[in-house]
Amino acid sequence: MAIAKRQTTDLSRQTFDYAPAPESIDHIKIEPRYGLFIGGKMVTPHSKKRFPTINPATEQKLAEVVEADEVDVDHAVKAADKAFDSWSRMAPSRRARYIFRISRILQERARELAVVETMDGGKPIKESRDVDIPLAAAHFFYYGGWADKLEWAFPNRKPRPLGVAGQVIPWNFPLLMLAWKIAPALAAGNTVVLKPAETTPLSALLFADICMQAELPPGVVNIVTGGGKTGSLVVTHPAVKKVAFTGSTEVGKLIQRSLAGTGKRLTLELGGKAANIVFDDAPLDQAVEGIVNGIYFNQGHVCCAGSRLLVQESIAEPLLEKLKVRLGTLRLGDPLDKNTDIGAINSKAQLEKIQGLVESGIEEGAEIYQPECKLPERGYWFPPTLFTNVSQSYRIVREEIFGPVLSVLTFRTPAEAVEKANNTPYGLSAGVWTDKGSRILWMAEKMRAGVVWANTFNRFDPTSPFGGYKESGFGREGGRHGLLPYLELV
Amino acid sequence: MPGAKNGNGRVQIRKTYKLYIAGEFVRSESGRAYRFDGSVNVPRGSRKDLRDAVRAARGAVSGWAARTAMNRGQILYRAAEMLDGRRAQFVELLGSGRGAHKEVDEAVEALVWYAGWTDKLAQVIGATNPVAGPYFNFTIPEPTGVVGVVAPGKPALAGLVRRVAPALCAGNAVVVLAPEATPLPALTLAEVLATSDLPAGVANVLSGYRKELLPWLASHMDVNAIDVAGCTPAEVIDIEKAAADNVKRVVKLAPNEMSPYLITAFMEMKTVWHPVGV
């Protein structure tokens, strides 16, 4: 007995440090400077302005990219417009083959893409390797199959492509968001001008190379880099017939307003402040994993992140205890290390935004908890953070933080959980944890959110429609429903 | 002047037209009226009436959405019955010609058609999704919430019913702006809806000056969608700008659209995941 006890104590004193397991980068070739992908080739831009894209984990410059100007965007849209005629009339089964090709090349070059994604964006390699890139390839494969089956998708109607789609995507899942945008657009017979996010242009520029490798007809996909100004030029260009934007609600509203009266079709996938609701009968260990995955996945840079934990009062204490222990085991550091759970914050600006909101939480009276966590000296980092003793009026509960910051609220009855969960202008996602089947379905029904994860969280699939209620946007991406924004039903 | 004819020396009981808010027939809180054709007084609804209507709609929508699809279908069907039963009244309002009869027929037909859609829509539009993992995953359509309907002036009855019926079929609550120059069919339709077992607040009808109501409907933060079937292109631009304040859905399908795609224009798709395992 005494020996057993001593052994347990010894074990608890031991630390299980992980040896560094960095992903190799010697097979990666990043050009020092990139042009724009217009009309099927990399072209020298009209714009003389360039800006660096940096590795947020090291603050080292990876490459220089162009800030495309009005002339560049016009070239890209004209190239897409020119390509639309033949691409939309091409036999759908041929169109499908190009999209399948892209999917296959994404799989073939998966590791290269994963490493570049992690270097440019700061996300852990295990996430870019196991989530972003496979899902992006799957998305193209799924929509490739739709290209010659469109007439089966919408009963009693003839589907017609719209024309040039102007697409602007965020920095949290760069290649995956590109896939969500480009795959259904091409399957439906549209051509594309896409602008990747300012801080994560590299995987989109690699994708340009993949389009060339797939021998995709020139102009079907065009990629212009830049910041908000370039994005605004893309969405407001008169020859763009369809606009798709994923990003903040603030910018989404600007875009919606700027398109008033233009007749352009619009879909918006915007911010969120999802409630992750844990009932007293939930399997706690699984729920803890779900909570961690919900808010600390991709450093919380997830529009559907479960950033508000609603826990039933009777289990709040044991759940929080387990959660705090679990936070202590999360490994923060080099995103290229295969054991890393939490990578770098995407940019300095985002880090400052997170810091500001976290300070507001402390000022408003919330209690902060952060595990002991050594942050690397260079780069942008923020430790996993949770707030208790919060009120629904606090900024950290109302505003999208887009960082690894969880606010914990409690409830007593299912009705109270519903009330609190829906008490937000957002409506992108929600999580429910309970062992009771009827309650799962009841809660799923009551959530004013486009995606409800029950006893799981942050799952994505090309066949599964994704998108928001209320101020989280409109339109769906994924599944048969994801075709609709890119078609006119005649 | 409808409902005002004197026959056989009888002094007819005239009807005071009223707004329909939260299941009640009320005068405008502003106390104002206007005469669209120089004779009948019609309430000139105010911004506060609009606020009250939106509040009533918000209060009613969750209950209406929670009704079974069959029950919603039954109630829409009863609305068709009530409308058909008041055929003579509507024919008179619409000018008594053959066109008036035809228009009432079309309105009744639209209600019956959408009544039948309530319990079929999810099967046609929803899906189970074969995700690549051990999860059961399905997508169902749900109502968007509170919908503003700007009814076309022509055809004043059928045009309105063809927009209100799909929005209600979907499970939304509506706030209807009656056409400024032809408000009587819309205000009288409220009497049909009021006797169809539609819960109070699910449908609200306002008359008044378009310019006094439309900007507030378009910018209201608790209105989820707005149907602009009855708007001019210039109005649509202003609505689209204002709608961005709360990412409002602007429904722009053709005024004569009759399809499940119009119903889903007033709906959201919800996807639910659950693990599969023992």
# chains A, B, ... in the order shown; residues from 1 in each chain; ligands from 1

$ interface_residues --of "chain A" --to "chain B" --cutoff "9 Å" --atoms "only C-alpha atoms" --output "ChimeraX atom specification"
/A:154-155,249,252-262,268,425,444-446,448-457,459-476,479-481

$ residues_around --residues "region 49-62 of chain A" --least-positions-apart "5" --cutoff "6 Å" --atoms "only C-alpha atoms" --output "list in words"
Glu67, Met119, Asp120, Gly122, Thr199, Ala344, Asn346, Ser347, Arg378, Gly379 and Tyr380 of chain A

$ write_last_selection --atoms "N, CA, C and O atoms" --output "PDB file, in the first residue's frame"
ATOM      1  N   GLU A  67       0.022  44.191 -53.908  1.00  0.00           N
ATOM      2  CA  GLU A  67      -1.253  44.780 -53.535  1.00  0.00           C
ATOM      3  C   GLU A  67      -1.936  45.197 -54.837  1.00  0.00           C
ATOM      4  O   GLU A  67      -1.673  46.265 -55.390  1.00  0.00           O
ATOM      5  N   MET A 119       3.169  27.675 -42.137  1.00  0.00           N
ATOM      6  CA  MET A 119       4.184  28.733 -42.069  1.00  0.00           C
ATOM      7  C   MET A 119       3.563  30.113 -42.262  1.00  0.00           C
ATOM      8  O   MET A 119       3.925  31.073 -41.597  1.00  0.00           O
ATOM      9  N   ASP A 120       2.623  30.188 -43.170  1.00  0.00           N
ATOM     10  CA  ASP A 120       2.053  31.503 -43.506  1.00  0.00           C
ATOM     11  C   ASP A 120       1.005  31.957 -42.490  1.00  0.00           C
ATOM     12  O   ASP A 120       0.827  33.153 -42.266  1.00  0.00           O
ATOM     13  N   GLY A 122       0.303  30.228 -39.189  1.00  0.00           N
ATOM     14  CA  GLY A 122       0.578  29.979 -37.778  1.00  0.00           C
ATOM     15  C   GLY A 122      -0.182  28.832 -37.161  1.00  0.00           C
ATOM     16  O   GLY A 122      -0.026  28.547 -35.977  1.00  0.00           O
ATOM     17  N   THR A 199      -2.961  38.416 -44.904  1.00  0.00           N
ATOM     18  CA  THR A 199      -1.883  37.796 -44.123  1.00  0.00           C
ATOM     19  C   THR A 199      -1.592  36.353 -44.543  1.00  0.00           C
ATOM     20  O   THR A 199      -0.631  35.770 -44.056  1.00  0.00           O
ATOM     21  N   ALA A 344       0.548  29.823 -33.492  1.00  0.00           N
ATOM     22  CA  ALA A 344       0.711  31.270 -33.345  1.00  0.00           C
ATOM     23  C   ALA A 344      -0.572  31.991 -33.734  1.00  0.00           C
ATOM     24  O   ALA A 344      -1.331  31.524 -34.573  1.00  0.00           O
ATOM     25  N   ASN A 346      -2.513  34.675 -35.728  1.00  0.00           N
ATOM     26  CA  ASN A 346      -2.261  34.897 -37.148  1.00  0.00           C
ATOM     27  C   ASN A 346      -1.498  36.180 -37.470  1.00  0.00           C
ATOM     28  O   ASN A 346      -0.721  36.230 -38.421  1.00  0.00           O
ATOM     29  N   SER A 347      -1.729  37.219 -36.706  1.00  0.00           N
ATOM     30  CA  SER A 347      -1.054  38.485 -37.020  1.00  0.00           C
ATOM     31  C   SER A 347      -0.941  39.331 -35.764  1.00  0.00           C
ATOM     32  O   SER A 347      -1.616  39.086 -34.760  1.00  0.00           O
ATOM     33  N   ARG A 378       9.812  35.085 -29.834  1.00  0.00           N
ATOM     34  CA  ARG A 378       9.444  35.774 -31.074  1.00  0.00           C
ATOM     35  C   ARG A 378       8.099  35.260 -31.546  1.00  0.00           C
ATOM     36  O   ARG A 378       7.684  34.153 -31.239  1.00  0.00           O
ATOM     37  N   GLY A 379       7.439  36.072 -32.344  1.00  0.00           N
ATOM     38  CA  GLY A 379       6.152  35.650 -32.895  1.00  0.00           C
ATOM     39  C   GLY A 379       4.996  36.155 -32.065  1.00  0.00           C
ATOM     40  O   GLY A 379       5.185  36.841 -31.058  1.00  0.00           O
ATOM     41  N   TYR A 380       3.795  35.810 -32.506  1.00  0.00           N
ATOM     42  CA  TYR A 380       2.575  36.301 -31.862  1.00  0.00           C
ATOM     43  C   TYR A 380       1.870  35.134 -31.178  1.00  0.00           C
ATOM     44  O   TYR A 380       1.501  34.159 -31.822  1.00  0.00           O
TER      45      TYR A 380
END

$ select_by_dssp --residues "region 414-455 of chain A" --states "alpha helix (DSSP H)" --output "MDAnalysis selection string"
chainID A and resid 414:421 437:446

$ residues_around --residues "Gly31 (chain B)" --least-positions-apart "6" --cutoff "9 Å" --atoms "only C-alpha atoms" --output "PDB file with C-alpha atoms, in the first residue's frame"
ATOM      1  CA  PRO B  43     -55.291  54.507 -41.002  1.00  0.00           C
ATOM      2  CA  ARG B  44     -52.040  56.296 -41.699  1.00  0.00           C
ATOM      3  CA  GLY B  45     -49.777  53.993 -39.764  1.00  0.00           C
TER       4      GLY B  45
END

$ residues_around --residues "Glu372 (chain A)" --least-positions-apart "5" --cutoff "12 Å" --atoms "only C-alpha atoms" --output "ChimeraX atom specification"
/A:324-332,382-385

$ write_last_selection --atoms "N, CA, C and O atoms" --output "PDB file, in the first residue's frame"
ATOM      1  N   LYS A 324      -9.764  22.909 -16.577  1.00  0.00           N
ATOM      2  CA  LYS A 324      -8.512  23.596 -16.232  1.00  0.00           C
ATOM      3  C   LYS A 324      -7.323  22.635 -16.290  1.00  0.00           C
ATOM      4  O   LYS A 324      -6.244  22.996 -16.769  1.00  0.00           O
ATOM      5  N   VAL A 325      -7.560  21.419 -15.809  1.00  0.00           N
ATOM      6  CA  VAL A 325      -6.490  20.415 -15.896  1.00  0.00           C
ATOM      7  C   VAL A 325      -6.125  20.174 -17.363  1.00  0.00           C
ATOM      8  O   VAL A 325      -4.951  20.123 -17.739  1.00  0.00           O
ATOM      9  N   ARG A 326      -7.155  20.055 -18.178  1.00  0.00           N
ATOM     10  CA  ARG A 326      -6.918  19.780 -19.605  1.00  0.00           C
ATOM     11  C   ARG A 326      -6.171  20.936 -20.276  1.00  0.00           C
ATOM     12  O   ARG A 326      -5.291  20.706 -21.115  1.00  0.00           O
ATOM     13  N   LEU A 327      -6.524  22.167 -19.890  1.00  0.00           N
ATOM     14  CA  LEU A 327      -5.830  23.324 -20.483  1.00  0.00           C
ATOM     15  C   LEU A 327      -4.336  23.257 -20.197  1.00  0.00           C
ATOM     16  O   LEU A 327      -3.508  23.658 -21.021  1.00  0.00           O
ATOM     17  N   GLY A 328      -4.011  22.721 -19.009  1.00  0.00           N
ATOM     18  CA  GLY A 328      -2.609  22.608 -18.626  1.00  0.00           C
ATOM     19  C   GLY A 328      -1.823  21.648 -19.505  1.00  0.00           C
ATOM     20  O   GLY A 328      -0.595  21.689 -19.523  1.00  0.00           O
ATOM     21  N   THR A 329      -2.518  20.777 -20.195  1.00  0.00           N
ATOM     22  CA  THR A 329      -1.810  19.801 -21.039  1.00  0.00           C
ATOM     23  C   THR A 329      -1.712  20.244 -22.494  1.00  0.00           C
ATOM     24  O   THR A 329      -1.109  19.554 -23.309  1.00  0.00           O
ATOM     25  N   LEU A 330      -2.332  21.374 -22.832  1.00  0.00           N
ATOM     26  CA  LEU A 330      -2.244  21.839 -24.218  1.00  0.00           C
ATOM     27  C   LEU A 330      -0.833  22.350 -24.487  1.00  0.00           C
ATOM     28  O   LEU A 330      -0.259  23.065 -23.675  1.00  0.00           O
ATOM     29  N   ARG A 331      -0.284  21.953 -25.612  1.00  0.00           N
ATOM     30  CA  ARG A 331       1.079  22.359 -25.937  1.00  0.00           C
ATOM     31  C   ARG A 331       1.053  23.520 -26.924  1.00  0.00           C
ATOM     32  O   ARG A 331       0.540  23.388 -28.032  1.00  0.00           O
ATOM     33  N   LEU A 332       1.582  24.633 -26.464  1.00  0.00           N
ATOM     34  CA  LEU A 332       1.631  25.833 -27.301  1.00  0.00           C
ATOM     35  C   LEU A 332       3.047  26.026 -27.796  1.00  0.00           C
ATOM     36  O   LEU A 332       3.996  25.879 -27.025  1.00  0.00           O
ATOM     37  N   PHE A 382      -0.768  33.736 -27.817  1.00  0.00           N
ATOM     38  CA  PHE A 382      -1.696  34.015 -26.729  1.00  0.00           C
ATOM     39  C   PHE A 382      -2.072  32.691 -26.077  1.00  0.00           C
ATOM     40  O   PHE A 382      -2.430  31.740 -26.766  1.00  0.00           O
ATOM     41  N   PRO A 383      -1.944  32.633 -24.743  1.00  0.00           N
ATOM     42  CA  PRO A 383      -2.205  31.355 -24.077  1.00  0.00           C
ATOM     43  C   PRO A 383      -3.695  31.047 -24.055  1.00  0.00           C
ATOM     44  O   PRO A 383      -4.522  31.970 -24.099  1.00  0.00           O
ATOM     45  N   PRO A 384      -4.037  29.752 -23.961  1.00  0.00           N
ATOM     46  CA  PRO A 384      -5.450  29.395 -23.811  1.00  0.00           C
ATOM     47  C   PRO A 384      -5.992  30.052 -22.547  1.00  0.00           C
ATOM     48  O   PRO A 384      -5.352  30.004 -21.505  1.00  0.00           O
ATOM     49  N   THR A 385      -7.149  30.677 -22.697  1.00  0.00           N
ATOM     50  CA  THR A 385      -7.667  31.524 -21.633  1.00  0.00           C
ATOM     51  C   THR A 385      -9.120  31.182 -21.382  1.00  0.00           C
ATOM     52  O   THR A 385      -9.864  30.922 -22.330  1.00  0.00           O
TER      53      THR A 385
END
